[in-house]
Structures are given as C-alpha cells and as structure tokens.
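S.K.: Pasting a structure below so you can have a look.
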Amino acid sequence: MGRMMAIAAREMGYNIVVLDPTPNCPCAAVADKQIVASFEDVDAAKELLSLCDVITYEFENVNLAVAKALEPKLPQGSELLKITQNRILEKALIRSADQRTVNYTAIESQQNLHDFAKDYQTNPRKIVIKTAQGGYDGKGQFVMESAQALEEFIKQQYNEGLTYVAEDFISFEKEISVIVCGNISGELSTFPVAENIHKNQILHKSIVPARIADSILQKAEAAAIQIARKLQLVGTLAVEMFVTTDNVIINELAPRPHNSGHYTLDACATSQFEQHIRAICNLPLSDNRLLSPCVMINVLGQDDYLMNPNYVGKHKLHLYGKKEAKHDRKMGHINVLGETQDECIIEADKLLEP
Ligand code: ADP
Ligand code: MG
C-alpha cells in the first residue's frame with residue numbers, strides 16, 4: 001500500500017522518506033530514504049517529521065502517541081486513526097452520521113460479556129465476535145451459533161485484556177465498498193462502487209461497476225459522503241458495506257487507500273493512490289471516472305501461478321515486491337480490463353481456473 005502511494009507521489013515529483021521496521025521494505029525501493037524503526041518509536045517519528053513536509057500512513061494501526069507527535073504534518077489528523085482503530089468507536093461514529101450498522105454489543109468488560117452471554121441464552125442466533133482492535137482479513141473473529149459455542153469462546157479464546165464487539169451475523173446479498181477522498185479545502189469525491197467477493201474473509205475479487213440497482217448505488221455513495229463529512233475527512237476513507245434487499249449496512253471503515261480500490265490503478269482516470277496524495281497535499285482532486293469495466297483479482301502467497309507474468313498475459317499484474325510468499329499473504333493483484341463487464345468476468349474466471 002505504501003509502495004503504491006509512493007509510486008503515485010513520485011510520478012507527481014515528490015521525494016519520499018519511508019519509516020518501516022523491515023530493512024528494504026517494498027516501499028523503500030521507490031523511496032529516497034528509509035528510516036528503519038518500529039512504528040512505536042517516537043524518536044524515529046520525530047526524525048521523519050524533521051525530514052518531511054507532509055506525512056501519511058498505509059495502515060490504521062499506527063501508534064496514537066506517534067500519530068500525535070506527527071500531527072503538525074499529518075493532514076489526516078490522529079482522530080481519524082483513533083476512531084478507525086477501534087470497532088466500538090467506529091460503529092458509534094457511523095451511527096452518529098445517521099447510517100446503519102449491524103446490531104451489535106460492545107464488550108468492554110467481563111461484566112459486559114456476562115450480560116451478553118445471559119441475553120444470548122434467551123436469544124441464540126448466528127453471531128460474530130470481533131476483537132475491537134487490530135483485526136484484519138478476518139483475523140480476531142469468532143463465528144458462533146449456540147450458547148454452548150459462546151461458553152467455549154469465553155473459556156478458551158476470550159482475553160480479558162481486550163475489548164470486543166459481538167455482531168449479529170447477517171445474510172447479505174452482496175458486499176460493496178465506496179472509496180471517498182477529501183482534501184484540506186473540504187472537497188470530497190467518491191470512486192465508482194466496487195462489488196467485493198471474499199474467500200475465507202479475505203478479499204478475493206472486486207467487480208466494477210458493482211452489479212447493484214441504481215437506488216442502492218445512490219444510497220451507498222450518499223452513506224460514504226455522510227460518514228466522510230462527519231469525520232471531516234482529509235485523505236482517503238474506504239467504506240465497506242453489506243447490501244440487503246433495499247438498503248446498505250455499513251460494515252467497517254479504513255482510513256486509507258483500500259484493496260478494493262486497486263482496480264482504480266488501471267481502470268480509472270485517476271488512481272486512489274494519486275487521489276490520496278492530492279488530498280493530503282491539498283491539491284484539487286482529479287477525475288475519478290471509470291474508463292473501463294474491471295475485475296480485480298487478489299494474488300495470495302499460495303497463488304504461485306498468478307505471479308507468473310507470462311501466464312497472466314495481457315492482464316495487468318501488479319506485484320508488491322514482498323520478499324516472502326506466506327500462505328494468504330497479499331503478494332499482488334491483477335486487473336482484468338475489457339470491452340464489457342461480461343468479458344472481464346469471463347477472462348478473470350479463466351485466469352483463476354485454467
Ligand atoms: P476485516 O476485513 O477487518 O477482517 P470485516 O469486519 O470486514 O473485518 O470482516 C471480514 C469479512 O467477514 C466481511 O467482509 C464479511 O464477508 C464477513 N463478515 C464480517 N462481519 C459480518 C457480519 N456481521 N455478518 C456477515 N458477514 C460478516
Ligand atoms: Mg473488512
């Protein structure tokens with residue numbers, strides 16, 4: 001993510017300094033300088049502050065003390081991070097922007113858990129318990145359907161040092177996302193809505209344009225704008241949503257360019273990465289028109305064949321330069337473009353099932 005942001009910034013003529021604990025991290029290859037330090041290291045953050053005019057981040061789990069130290073040059077601010085780092089604060093923010101979330105209970109203490117378990121006994125249903133902080137790609141999530149399963153969770157997995165949300169597990173029609181960018185002057189702009197297909201809770205494919213009714217499309221865009229306004233968004237916000245028969249329910253937020261927006265690299269007049277750099281540098285936002293239908297396929301560590309450019313052929317293979325290909329690690333993605341959406345879908349399926 002950092003590397004793709006840096007490439008966009010480079011093309012616009014900026015110089016780059018990256019702070020990352022891993023020497024020669026993927027972003028370092030396109031940066032002028034790397035500060036090798038932990039994300040918790042306030043002194044290293046101060047060095048970054050002294051070297052840069054504008055600072056941004058590629059993931060939401062930046063230490064808040066570090067974010068505060070960077071605040072003078074962090075146009076996105078630390079409040080956006082604070083909220084999106086914590087599912088409890090995030091859901092409250094979404095509701096305060098008059099948008100819907102799934103039914104949920106915040107579990108911030110053993111007493112909360114006890115009360116929830118008691119209530120659940122009288123109303124067992126499919127739920128997913130998520131750690132309030134630090135989860136991604138389905139990590140830190142526990143799906144259960146019975147009081148007995150909840151008891152087992154409490155005995156074996158519950159950690160009283162952590163906070164959680166217990167969400168009703170809903171059967172949605174589709175998942176979609178809207179990426180919205182806002183600059184310092186208050187201009188806001190949304191990218192075309194992506195339809196997202198997950199496998200094992202990891203994004204597998206995004207199909208753009210999303211195959212949803214116009215009425216849902218409008219609700220999705222309006223919801224994203226409303227949330228962005230509430231946050232006084234500067235930078236990029238990805239809004240993940242569930243689509244029901246006639247509405248959208250907001251699942252979660254990410255305060256950065258998003259995997260479901262990688263299609264913009266090849267299919268839009270401006271990529272989410274360029275738009276993000278424009279947003280934080282207070283430049284005018286540019287044209288986010290969709291120039292071609294697109295199917296984006298994620299390439300994971302086990303998908304060796306998809307990392308072979310000869311196999312992928314004319315389709316747009318993006319590899320992130322990660323050194324080790326671990327199982328389920330996102331190594332790159334492929335954008336399949338075509339004359340029609342059907343063509344993109346067929347071509348993408350051919351790649352996936354040779
Ligand atoms: P993260 O992406 O941070 O791991 P999410 O909350 O987006 O966490 O969950 C990952 C995926 O799990 C979602 O995209 C969705 O497919 C599924 N999921 C999460 N919460 C629910 C829910 N309440 N009901 C149904 N499916 C869910
Ligand atoms: Mg998600």
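In the structure tokens, each chain is lettered A, B, ... as it comes, each chain's residues begin at 1, and ligands are numbered from 1 in order of appearance.
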List all protein, DNA and RNA residues that have at least one atom no more than 8 Å from any atom of ligand 2, counting only C-alpha atoms and all ligand atoms, and write them as an NGL selection string.
M.R.: :A and (136-138 or 201-202 or 240 or 251-253)
S.K.: Would you mind listing, for every residue of chain A within 8 Å of ligand 1, the two atoms forming the shortest contact and the distance between them in Å to one decimal, using only C-alpha atoms and all ligand atoms, sorted by chain and ascending residue number, as JSON lines?
M.R.:
{"residue": "A:Val102", "atom": "CA", "partner": "ligand 1", "partner_atom_place_in_ligand_line": "23 (N)", "distance": 6.2}
{"residue": "A:Ile127", "atom": "CA", "partner": "ligand 1", "partner_atom_place_in_ligand_line": "23 (N)", "distance": 6.9}
{"residue": "A:Val128", "atom": "CA", "partner": "ligand 1", "partner_atom_place_in_ligand_line": "23 (N)", "distance": 6.0}
{"residue": "A:Lys130", "atom": "CA", "partner": "ligand 1", "partner_atom_place_in_ligand_line": "6 (O)", "distance": 7.6}
{"residue": "A:Gly135", "atom": "CA", "partner": "ligand 1", "partner_atom_place_in_ligand_line": "3 (O)", "distance": 5.2}
{"residue": "A:Tyr136", "atom": "CA", "partner": "ligand 1", "partner_atom_place_in_ligand_line": "4 (O)", "distance": 3.6}
{"residue": "A:Asp137", "atom": "CA", "partner": "ligand 1", "partner_atom_place_in_ligand_line": "4 (O)", "distance": 3.5}
{"residue": "A:Gly138", "atom": "CA", "partner": "ligand 1", "partner_atom_place_in_ligand_line": "4 (O)", "distance": 3.4}
{"residue": "A:Lys139", "atom": "CA", "partner": "ligand 1", "partner_atom_place_in_ligand_line": "4 (O)", "distance": 5.6}
{"residue": "A:Gly140", "atom": "CA", "partner": "ligand 1", "partner_atom_place_in_ligand_line": "4 (O)", "distance": 7.6}
{"residue": "A:Gln141", "atom": "CA", "partner": "ligand 1", "partner_atom_place_in_ligand_line": "4 (O)", "distance": 7.5}
{"residue": "A:Glu167", "atom": "CA", "partner": "ligand 1", "partner_atom_place_in_ligand_line": "23 (N)", "distance": 5.1}
{"residue": "A:Asp168", "atom": "CA", "partner": "ligand 1", "partner_atom_place_in_ligand_line": "23 (N)", "distance": 5.2}
{"residue": "A:Phe169", "atom": "CA", "partner": "ligand 1", "partner_atom_place_in_ligand_line": "24 (N)", "distance": 3.5}
{"residue": "A:Ile170", "atom": "CA", "partner": "ligand 1", "partner_atom_place_in_ligand_line": "24 (N)", "distance": 4.1}
{"residue": "A:Ser171", "atom": "CA", "partner": "ligand 1", "partner_atom_place_in_ligand_line": "25 (C)", "distance": 6.0}
{"residue": "A:Phe172", "atom": "CA", "partner": "ligand 1", "partner_atom_place_in_ligand_line": "25 (C)", "distance": 6.9}
{"residue": "A:Glu175", "atom": "CA", "partner": "ligand 1", "partner_atom_place_in_ligand_line": "14 (O)", "distance": 7.0}
{"residue": "A:Ile197", "atom": "CA", "partner": "ligand 1", "partner_atom_place_in_ligand_line": "16 (O)", "distance": 7.7}
{"residue": "A:His198", "atom": "CA", "partner": "ligand 1", "partner_atom_place_in_ligand_line": "16 (O)", "distance": 5.8}
{"residue": "A:Lys199", "atom": "CA", "partner": "ligand 1", "partner_atom_place_in_ligand_line": "16 (O)", "distance": 7.9}
{"residue": "A:Asn200", "atom": "CA", "partner": "ligand 1", "partner_atom_place_in_ligand_line": "12 (O)", "distance": 7.9}
{"residue": "A:Gln201", "atom": "CA", "partner": "ligand 1", "partner_atom_place_in_ligand_line": "11 (C)", "distance": 4.3}
{"residue": "A:Ile202", "atom": "CA", "partner": "ligand 1", "partner_atom_place_in_ligand_line": "10 (C)", "distance": 6.7}
{"residue": "A:Leu203", "atom": "CA", "partner": "ligand 1", "partner_atom_place_in_ligand_line": "14 (O)", "distance": 7.3}
{"residue": "A:Glu240", "atom": "CA", "partner": "ligand 1", "partner_atom_place_in_ligand_line": "7 (O)", "distance": 7.0}
{"residue": "A:Asn251", "atom": "CA", "partner": "ligand 1", "partner_atom_place_in_ligand_line": "6 (O)", "distance": 6.0}
{"residue": "A:Glu252", "atom": "CA", "partner": "ligand 1", "partner_atom_place_in_ligand_line": "7 (O)", "distance": 5.9}
S.K.: What does the file look like for those residues with C-alpha atoms, as a compact mmCIF listing (two decimals), in the first residue's frame?
M.R.:
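The resulting file, selection04.txt, is reproduced below:
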# COMPACT_ATOMS: atom_id res chain seq x y z
CA VAL A 102 -25.49 -4.46 12.06
CA ILE A 127 -23.10 -14.02 15.66
CA VAL A 128 -19.53 -12.98 15.02
CA LYS A 130 -14.55 -9.48 16.69
CA GLY A 135 -8.03 -7.38 13.32
CA TYR A 136 -7.69 -7.65 9.55
CA ASP A 137 -8.55 -10.22 6.85
CA GLY A 138 -10.87 -11.98 9.29
CA LYS A 139 -8.20 -12.27 12.00
CA GLY A 140 -9.55 -11.87 15.52
CA GLN A 141 -13.05 -13.03 14.52
CA GLU A 167 -22.30 -8.60 15.90
CA ASP A 168 -25.35 -10.32 14.51
CA PHE A 169 -24.18 -12.35 11.52
CA ILE A 170 -26.34 -11.19 8.65
CA SER A 171 -27.12 -12.81 5.34
CA PHE A 172 -26.42 -10.06 2.85
CA GLU A 175 -20.66 -6.74 -0.28
CA ILE A 197 -16.24 -11.14 -3.18
CA HIS A 198 -14.41 -12.59 -0.18
CA LYS A 199 -12.98 -16.08 0.31
CA ASN A 200 -12.15 -17.10 3.87
CA GLN A 201 -12.86 -13.50 4.91
CA ILE A 202 -10.09 -12.24 2.61
CA LEU A 203 -10.94 -10.12 -0.41
CA GLU A 240 -17.19 -1.40 3.41
CA ASN A 251 -19.60 -2.94 7.98
CA GLU A 252 -16.33 -1.13 8.60
S.K.: So which one's closest to A:Asp119, A:Leu285, A:Ala147, A:Leu352, A:Val243? Using only C-alpha atoms, please.
M.R.: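 Ranking A:Leu285, A:Ala147, A:Leu352, A:Val243 by distance to A:Asp119, first place goes to A:Ala147.
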S.K.: Using the chain letters and numbers from this document, which residues of stretch 55-299 of chain A does DSSP assign to alpha helix (DSSP H), as a ChimeraX atom specification?
M.R.: /A:64-70,79-84,87-96,110-122,147-152,214-230,264-267,272-280
S.K.: Can I get the selected residues back with C-alpha atoms, as a PDB file, in the first residue's frame?
M.R.:
ATOM      1  CA  LEU A  64      -1.563   7.009  18.635  1.00  0.00           C
ATOM      2  CA  ALA A  65       1.294   8.666  20.520  1.00  0.00           C
ATOM      3  CA  VAL A  66       3.327   8.502  17.319  1.00  0.00           C
ATOM      4  CA  ALA A  67       0.422   9.896  15.289  1.00  0.00           C
ATOM      5  CA  LYS A  68       0.074  12.755  17.808  1.00  0.00           C
ATOM      6  CA  ALA A  69       3.777  13.534  17.510  1.00  0.00           C
ATOM      7  CA  LEU A  70       3.377  13.663  13.720  1.00  0.00           C
ATOM      8  CA  GLU A  79      -8.691  11.485  15.401  1.00  0.00           C
ATOM      9  CA  LEU A  80      -9.473   9.592  12.166  1.00  0.00           C
ATOM     10  CA  LEU A  81      -6.959   6.930  13.250  1.00  0.00           C
ATOM     11  CA  LYS A  82      -8.272   6.774  16.779  1.00  0.00           C
ATOM     12  CA  ILE A  83     -11.805   6.067  15.557  1.00  0.00           C
ATOM     13  CA  THR A  84     -10.971   3.592  12.808  1.00  0.00           C
ATOM     14  CA  ARG A  87     -14.618  -1.078  16.030  1.00  0.00           C
ATOM     15  CA  ILE A  88     -16.600   0.246  19.012  1.00  0.00           C
ATOM     16  CA  LEU A  89     -15.738   3.904  18.304  1.00  0.00           C
ATOM     17  CA  GLU A  90     -16.130   3.263  14.566  1.00  0.00           C
ATOM     18  CA  LYS A  91     -19.650   1.873  14.855  1.00  0.00           C
ATOM     19  CA  ALA A  92     -20.677   4.738  17.151  1.00  0.00           C
ATOM     20  CA  LEU A  93     -19.338   7.238  14.592  1.00  0.00           C
ATOM     21  CA  ILE A  94     -21.225   5.511  11.756  1.00  0.00           C
ATOM     22  CA  ARG A  95     -24.455   5.707  13.718  1.00  0.00           C
ATOM     23  CA  SER A  96     -23.824   9.340  14.657  1.00  0.00           C
ATOM     24  CA  GLN A 110     -16.181  -9.098  31.872  1.00  0.00           C
ATOM     25  CA  GLN A 111     -19.480  -7.719  33.145  1.00  0.00           C
ATOM     26  CA  ASN A 112     -20.464  -6.758  29.551  1.00  0.00           C
ATOM     27  CA  LEU A 113     -19.577 -10.275  28.416  1.00  0.00           C
ATOM     28  CA  HIS A 114     -21.535 -11.853  31.241  1.00  0.00           C
ATOM     29  CA  ASP A 115     -24.606  -9.723  30.435  1.00  0.00           C
ATOM     30  CA  PHE A 116     -24.298 -10.515  26.741  1.00  0.00           C
ATOM     31  CA  ALA A 117     -23.987 -14.275  27.404  1.00  0.00           C
ATOM     32  CA  LYS A 118     -27.084 -14.198  29.608  1.00  0.00           C
ATOM     33  CA  ASP A 119     -29.093 -12.371  26.995  1.00  0.00           C
ATOM     34  CA  TYR A 120     -27.754 -14.674  24.259  1.00  0.00           C
ATOM     35  CA  GLN A 121     -29.058 -17.749  26.087  1.00  0.00           C
ATOM     36  CA  THR A 122     -32.588 -16.483  25.625  1.00  0.00           C
ATOM     37  CA  ALA A 147     -24.874 -20.695  23.724  1.00  0.00           C
ATOM     38  CA  GLN A 148     -22.510 -23.642  24.068  1.00  0.00           C
ATOM     39  CA  ALA A 149     -20.165 -22.213  21.440  1.00  0.00           C
ATOM     40  CA  LEU A 150     -20.228 -18.876  23.242  1.00  0.00           C
ATOM     41  CA  GLU A 151     -19.314 -20.622  26.511  1.00  0.00           C
ATOM     42  CA  GLU A 152     -16.370 -22.271  24.764  1.00  0.00           C
ATOM     43  CA  ASP A 214     -29.238   2.440  -9.062  1.00  0.00           C
ATOM     44  CA  SER A 215     -31.183   3.092  -5.866  1.00  0.00           C
ATOM     45  CA  ILE A 216     -28.609   1.084  -3.843  1.00  0.00           C
ATOM     46  CA  LEU A 217     -25.762   2.784  -5.655  1.00  0.00           C
ATOM     47  CA  GLN A 218     -27.095   6.182  -4.656  1.00  0.00           C
ATOM     48  CA  LYS A 219     -27.593   5.094  -1.057  1.00  0.00           C
ATOM     49  CA  ALA A 220     -24.043   3.722  -0.936  1.00  0.00           C
ATOM     50  CA  GLU A 221     -22.490   6.930  -2.249  1.00  0.00           C
ATOM     51  CA  ALA A 222     -24.617   9.102  -0.005  1.00  0.00           C
ATOM     52  CA  ALA A 223     -23.668   6.988   3.038  1.00  0.00           C
ATOM     53  CA  ALA A 224     -19.953   7.275   2.270  1.00  0.00           C
ATOM     54  CA  ILE A 225     -20.197  11.041   1.825  1.00  0.00           C
ATOM     55  CA  GLN A 226     -22.187  11.423   5.026  1.00  0.00           C
ATOM     56  CA  ILE A 227     -19.586   9.474   7.029  1.00  0.00           C
ATOM     57  CA  ALA A 228     -16.724  11.397   5.394  1.00  0.00           C
ATOM     58  CA  ARG A 229     -18.406  14.686   6.339  1.00  0.00           C
ATOM     59  CA  LYS A 230     -18.903  13.564   9.916  1.00  0.00           C
ATOM     60  CA  THR A 264      -8.511   2.278  -9.994  1.00  0.00           C
ATOM     61  CA  LEU A 265      -4.828   1.834 -10.934  1.00  0.00           C
ATOM     62  CA  ASP A 266      -5.767   0.715 -14.438  1.00  0.00           C
ATOM     63  CA  ALA A 267      -9.488   1.355 -14.807  1.00  0.00           C
ATOM     64  CA  GLN A 272      -6.937   6.006  -5.482  1.00  0.00           C
ATOM     65  CA  PHE A 273      -3.231   6.478  -4.716  1.00  0.00           C
ATOM     66  CA  GLU A 274      -2.859   9.640  -6.786  1.00  0.00           C
ATOM     67  CA  GLN A 275      -6.139  10.969  -5.389  1.00  0.00           C
ATOM     68  CA  HIS A 276      -4.885  10.288  -1.857  1.00  0.00           C
ATOM     69  CA  ILE A 277      -1.648  12.190  -2.486  1.00  0.00           C
ATOM     70  CA  ARG A 278      -3.647  15.057  -3.983  1.00  0.00           C
ATOM     71  CA  ALA A 279      -5.951  15.038  -0.962  1.00  0.00           C
ATOM     72  CA  ILE A 280      -3.209  15.243   1.658  1.00  0.00           C
TER      73      ILE A 280
END
S.K.: Rank nothing, just name the residue among A:Leu162, A:Leu283, A:Ala8, A:Ile297 nearest to A:Ile184, using only C-alpha atoms.
M.R.: A:Leu283
S.K.: Neighbours of A:Phe153 within 10 Å (only C-alpha atoms; same-chain residues fewer than 4 positions away dropped), as a ChimeraX atom specification?
M.R.: /A:129,142-144,147-149,157-159
S.K.: Can you write out the residues you just picked, keeping C-alpha atoms, as a PDB file, in the first residue's frame?
M.R.:
ATOM      1  CA  ILE A 129     -17.395 -11.706  17.867  1.00  0.00           C
ATOM      2  CA  PHE A 142     -15.069 -15.851  16.049  1.00  0.00           C
ATOM      3  CA  VAL A 143     -18.294 -17.025  14.426  1.00  0.00           C
ATOM      4  CA  MET A 144     -20.733 -18.974  16.610  1.00  0.00           C
ATOM      5  CA  ALA A 147     -24.874 -20.695  23.724  1.00  0.00           C
ATOM      6  CA  GLN A 148     -22.510 -23.642  24.068  1.00  0.00           C
ATOM      7  CA  ALA A 149     -20.165 -22.213  21.440  1.00  0.00           C
ATOM      8  CA  GLN A 157     -10.419 -17.593  23.497  1.00  0.00           C
ATOM      9  CA  TYR A 158     -11.714 -14.596  25.383  1.00  0.00           C
ATOM     10  CA  ASN A 159      -8.894 -12.389  26.642  1.00  0.00           C
TER      11      ASN A 159
END
S.K.: Give me the residues near A:Thr236 as a list in words, where near means some atom within 6 Å (using only C-alpha atoms) and where sequence neighbours in that chain fewer than 6 positions away do not count.
M.R.: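 Surrounding residues, per the criterion: Val180, Cys181, Pro255, Arg256, Pro257 and His276 of chain A.
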S.K.: Could those selected residues go to a file with N, CA, C and O atoms, as a JSON list (two decimals), in the first residue's frame?
M.R.:
[["chain", "number", "residue", "atom", "x", "y", "z"],
["A", 180, "VAL", "N", -13.77, 7.13, -0.72],
["A", 180, "VAL", "CA", -14.01, 8.58, -0.82],
["A", 180, "VAL", "C", -12.74, 9.30, -0.41],
["A", 180, "VAL", "O", -12.05, 8.89, 0.51],
["A", 181, "CYS", "N", -12.40, 10.35, -1.15],
["A", 181, "CYS", "CA", -11.23, 11.17, -0.82],
["A", 181, "CYS", "C", -11.69, 12.58, -0.50],
["A", 181, "CYS", "O", -12.64, 13.09, -1.11],
["A", 255, "PRO", "N", -9.08, 4.06, 6.99],
["A", 255, "PRO", "CA", -8.70, 5.46, 6.74],
["A", 255, "PRO", "C", -7.55, 5.59, 5.75],
["A", 255, "PRO", "O", -6.58, 6.27, 6.02],
["A", 256, "ARG", "N", -7.67, 4.92, 4.60],
["A", 256, "ARG", "CA", -6.53, 4.83, 3.67],
["A", 256, "ARG", "C", -7.01, 4.23, 2.37],
["A", 256, "ARG", "O", -8.10, 3.67, 2.31],
["A", 257, "PRO", "N", -6.16, 4.32, 1.32],
["A", 257, "PRO", "CA", -6.48, 3.57, 0.11],
["A", 257, "PRO", "C", -6.72, 2.11, 0.49],
["A", 257, "PRO", "O", -6.18, 1.63, 1.50],
["A", 276, "HIS", "N", -5.27, 10.17, -3.27],
["A", 276, "HIS", "CA", -4.88, 10.29, -1.86],
["A", 276, "HIS", "C", -3.76, 11.32, -1.69],
["A", 276, "HIS", "O", -3.81, 12.18, -0.80]]
S.K.: Taking the DSSP assignment computed from this structure's backbone, write out as a list in words all residues of stretch 16-62 of chain A that belong to strand (DSSP E).
M.R.: Val17, Val18, Leu19, Lys33, Gln34 and Ile35 of chain A
S.K.: Within 9 Å of A:Gly332, counting only C-alpha atoms, which residues qualify if same-chain residues fewer than 6 places away don't, as a PDB file with all heavy atoms, in the first residue's frame?
M.R.:
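Saved as out10.pdb:
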ATOM      1  N   ILE A 297      -8.346  -9.183  -9.215  1.00  0.00           N
ATOM      2  CA  ILE A 297      -8.146 -10.462  -8.521  1.00  0.00           C
ATOM      3  C   ILE A 297      -6.967 -10.307  -7.571  1.00  0.00           C
ATOM      4  O   ILE A 297      -5.897  -9.845  -7.981  1.00  0.00           O
ATOM      5  CB  ILE A 297      -7.771 -11.576  -9.537  1.00  0.00           C
ATOM      6  CG1 ILE A 297      -8.854 -11.744 -10.600  1.00  0.00           C
ATOM      7  CG2 ILE A 297      -7.492 -12.888  -8.832  1.00  0.00           C
ATOM      8  CD1 ILE A 297      -8.407 -12.647 -11.752  1.00  0.00           C
ATOM      9  N   ASN A 298      -7.133 -10.685  -6.322  1.00  0.00           N
ATOM     10  CA  ASN A 298      -6.000 -10.657  -5.390  1.00  0.00           C
ATOM     11  C   ASN A 298      -5.091 -11.863  -5.604  1.00  0.00           C
ATOM     12  O   ASN A 298      -5.568 -12.970  -5.840  1.00  0.00           O
ATOM     13  CB  ASN A 298      -6.498 -10.682  -3.944  1.00  0.00           C
ATOM     14  CG  ASN A 298      -6.510  -9.297  -3.326  1.00  0.00           C
ATOM     15  OD1 ASN A 298      -5.840  -8.375  -3.815  1.00  0.00           O
ATOM     16  ND2 ASN A 298      -7.264  -9.140  -2.258  1.00  0.00           N
ATOM     17  N   VAL A 299      -3.797 -11.632  -5.511  1.00  0.00           N
ATOM     18  CA  VAL A 299      -2.823 -12.716  -5.627  1.00  0.00           C
ATOM     19  C   VAL A 299      -2.245 -12.980  -4.233  1.00  0.00           C
ATOM     20  O   VAL A 299      -1.577 -12.113  -3.654  1.00  0.00           O
ATOM     21  CB  VAL A 299      -1.690 -12.335  -6.608  1.00  0.00           C
ATOM     22  CG1 VAL A 299      -0.659 -13.450  -6.687  1.00  0.00           C
ATOM     23  CG2 VAL A 299      -2.261 -12.029  -7.990  1.00  0.00           C
ATOM     24  N   LEU A 300      -2.526 -14.174  -3.690  1.00  0.00           N
ATOM     25  CA  LEU A 300      -2.052 -14.519  -2.346  1.00  0.00           C
ATOM     26  C   LEU A 300      -0.795 -15.389  -2.434  1.00  0.00           C
ATOM     27  O   LEU A 300      -0.466 -15.917  -3.505  1.00  0.00           O
ATOM     28  CB  LEU A 300      -3.155 -15.260  -1.579  1.00  0.00           C
ATOM     29  CG  LEU A 300      -4.491 -14.507  -1.452  1.00  0.00           C
ATOM     30  CD1 LEU A 300      -5.494 -15.319  -0.627  1.00  0.00           C
ATOM     31  CD2 LEU A 300      -4.308 -13.126  -0.824  1.00  0.00           C
ATOM     32  N   GLY A 301      -0.130 -15.539  -1.312  1.00  0.00           N
ATOM     33  CA  GLY A 301       1.150 -16.265  -1.254  1.00  0.00           C
ATOM     34  C   GLY A 301       1.128 -17.628  -1.905  1.00  0.00           C
ATOM     35  O   GLY A 301       2.119 -18.065  -2.478  1.00  0.00           O
ATOM     36  N   MET A 307       1.446 -15.320 -10.143  1.00  0.00           N
ATOM     37  CA  MET A 307       2.575 -14.385 -10.063  1.00  0.00           C
ATOM     38  C   MET A 307       3.448 -14.473 -11.306  1.00  0.00           C
ATOM     39  O   MET A 307       4.457 -13.789 -11.409  1.00  0.00           O
ATOM     40  CB  MET A 307       3.421 -14.689  -8.821  1.00  0.00           C
ATOM     41  CG  MET A 307       2.682 -14.410  -7.521  1.00  0.00           C
ATOM     42  SD  MET A 307       3.732 -14.783  -6.114  1.00  0.00           S
ATOM     43  CE  MET A 307       2.558 -15.590  -5.026  1.00  0.00           C
ATOM     44  N   LEU A 317      -0.738  -7.244 -14.188  1.00  0.00           N
ATOM     45  CA  LEU A 317      -0.224  -7.861 -12.960  1.00  0.00           C
ATOM     46  C   LEU A 317       0.572  -6.830 -12.166  1.00  0.00           C
ATOM     47  O   LEU A 317       1.509  -6.222 -12.686  1.00  0.00           O
ATOM     48  CB  LEU A 317       0.669  -9.054 -13.324  1.00  0.00           C
ATOM     49  CG  LEU A 317       1.407  -9.744 -12.167  1.00  0.00           C
ATOM     50  CD1 LEU A 317       0.446 -10.376 -11.173  1.00  0.00           C
ATOM     51  CD2 LEU A 317       2.360 -10.814 -12.707  1.00  0.00           C
ATOM     52  N   HIS A 318       0.184  -6.630 -10.923  1.00  0.00           N
ATOM     53  CA  HIS A 318       0.921  -5.731 -10.025  1.00  0.00           C
ATOM     54  C   HIS A 318       1.500  -6.583  -8.903  1.00  0.00           C
ATOM     55  O   HIS A 318       0.740  -7.251  -8.193  1.00  0.00           O
ATOM     56  CB  HIS A 318      -0.019  -4.691  -9.407  1.00  0.00           C
ATOM     57  CG  HIS A 318      -0.669  -3.780 -10.412  1.00  0.00           C
ATOM     58  ND1 HIS A 318      -0.267  -2.483 -10.621  1.00  0.00           N
ATOM     59  CD2 HIS A 318      -1.696  -3.987 -11.274  1.00  0.00           C
ATOM     60  CE1 HIS A 318      -1.023  -1.922 -11.566  1.00  0.00           C
ATOM     61  NE2 HIS A 318      -1.897  -2.820 -11.979  1.00  0.00           N
ATOM     62  N   LEU A 319       2.804  -6.594  -8.750  1.00  0.00           N
ATOM     63  CA  LEU A 319       3.425  -7.338  -7.650  1.00  0.00           C
ATOM     64  C   LEU A 319       4.060  -6.335  -6.693  1.00  0.00           C
ATOM     65  O   LEU A 319       4.620  -5.328  -7.119  1.00  0.00           O
ATOM     66  CB  LEU A 319       4.462  -8.333  -8.191  1.00  0.00           C
ATOM     67  CG  LEU A 319       3.870  -9.520  -8.968  1.00  0.00           C
ATOM     68  CD1 LEU A 319       4.974 -10.360  -9.600  1.00  0.00           C
ATOM     69  CD2 LEU A 319       2.990 -10.396  -8.068  1.00  0.00           C
ATOM     70  N   TYR A 320       3.936  -6.628  -5.387  1.00  0.00           N
ATOM     71  CA  TYR A 320       4.314  -5.633  -4.390  1.00  0.00           C
ATOM     72  C   TYR A 320       5.770  -5.726  -3.938  1.00  0.00           C
ATOM     73  O   TYR A 320       6.222  -4.925  -3.120  1.00  0.00           O
ATOM     74  CB  TYR A 320       3.391  -5.733  -3.166  1.00  0.00           C
ATOM     75  CG  TYR A 320       1.911  -5.714  -3.514  1.00  0.00           C
ATOM     76  CD1 TYR A 320       0.991  -6.420  -2.754  1.00  0.00           C
ATOM     77  CD2 TYR A 320       1.435  -4.983  -4.615  1.00  0.00           C
ATOM     78  CE1 TYR A 320      -0.364  -6.406  -3.061  1.00  0.00           C
ATOM     79  CE2 TYR A 320       0.086  -4.977  -4.938  1.00  0.00           C
ATOM     80  CZ  TYR A 320      -0.813  -5.683  -4.164  1.00  0.00           C
ATOM     81  OH  TYR A 320      -2.143  -5.679  -4.463  1.00  0.00           O
ATOM     82  N   GLY A 321       6.489  -6.736  -4.427  1.00  0.00           N
ATOM     83  CA  GLY A 321       7.901  -6.848  -4.030  1.00  0.00           C
ATOM     84  C   GLY A 321       8.081  -7.333  -2.601  1.00  0.00           C
ATOM     85  O   GLY A 321       9.089  -7.032  -1.967  1.00  0.00           O
ATOM     86  N   LYS A 322       7.096  -8.081  -2.086  1.00  0.00           N
ATOM     87  CA  LYS A 322       7.271  -8.658  -0.744  1.00  0.00           C
ATOM     88  C   LYS A 322       8.195  -9.865  -0.870  1.00  0.00           C
ATOM     89  O   LYS A 322       8.035 -10.681  -1.779  1.00  0.00           O
ATOM     90  CB  LYS A 322       5.914  -9.080  -0.163  1.00  0.00           C
ATOM     91  CG  LYS A 322       4.998  -7.896   0.113  1.00  0.00           C
ATOM     92  CD  LYS A 322       3.687  -8.338   0.767  1.00  0.00           C
ATOM     93  CE  LYS A 322       2.752  -7.152   0.931  1.00  0.00           C
ATOM     94  NZ  LYS A 322       1.418  -7.543   1.423  1.00  0.00           N
TER      95      LYS A 322
END
S.K.: I'd like the interatomic distance between atom CA of A:Glu187 and atom CA of A:Pro284, to a tenth of an Å.
M.R.: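 Atom CA of A:Pro284 lies at a distance of 7.9 Å from atom CA of A:Glu187.
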S.K.: Which residue is closest to A:Lys205? Choose from A:Tyr263, A:Tyr14, A:Tyr104, A:Tyr311 and count only C-alpha atoms.
M.R.: A:Tyr263
S.K.: Any idea what the distance is between atom CA of A:Asp303 and atom CA of A:Ala348?
M.R.: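 Atom-to-atom, atom CA of A:Asp303 and atom CA of A:Ala348 are spaced 14.2 Å apart.
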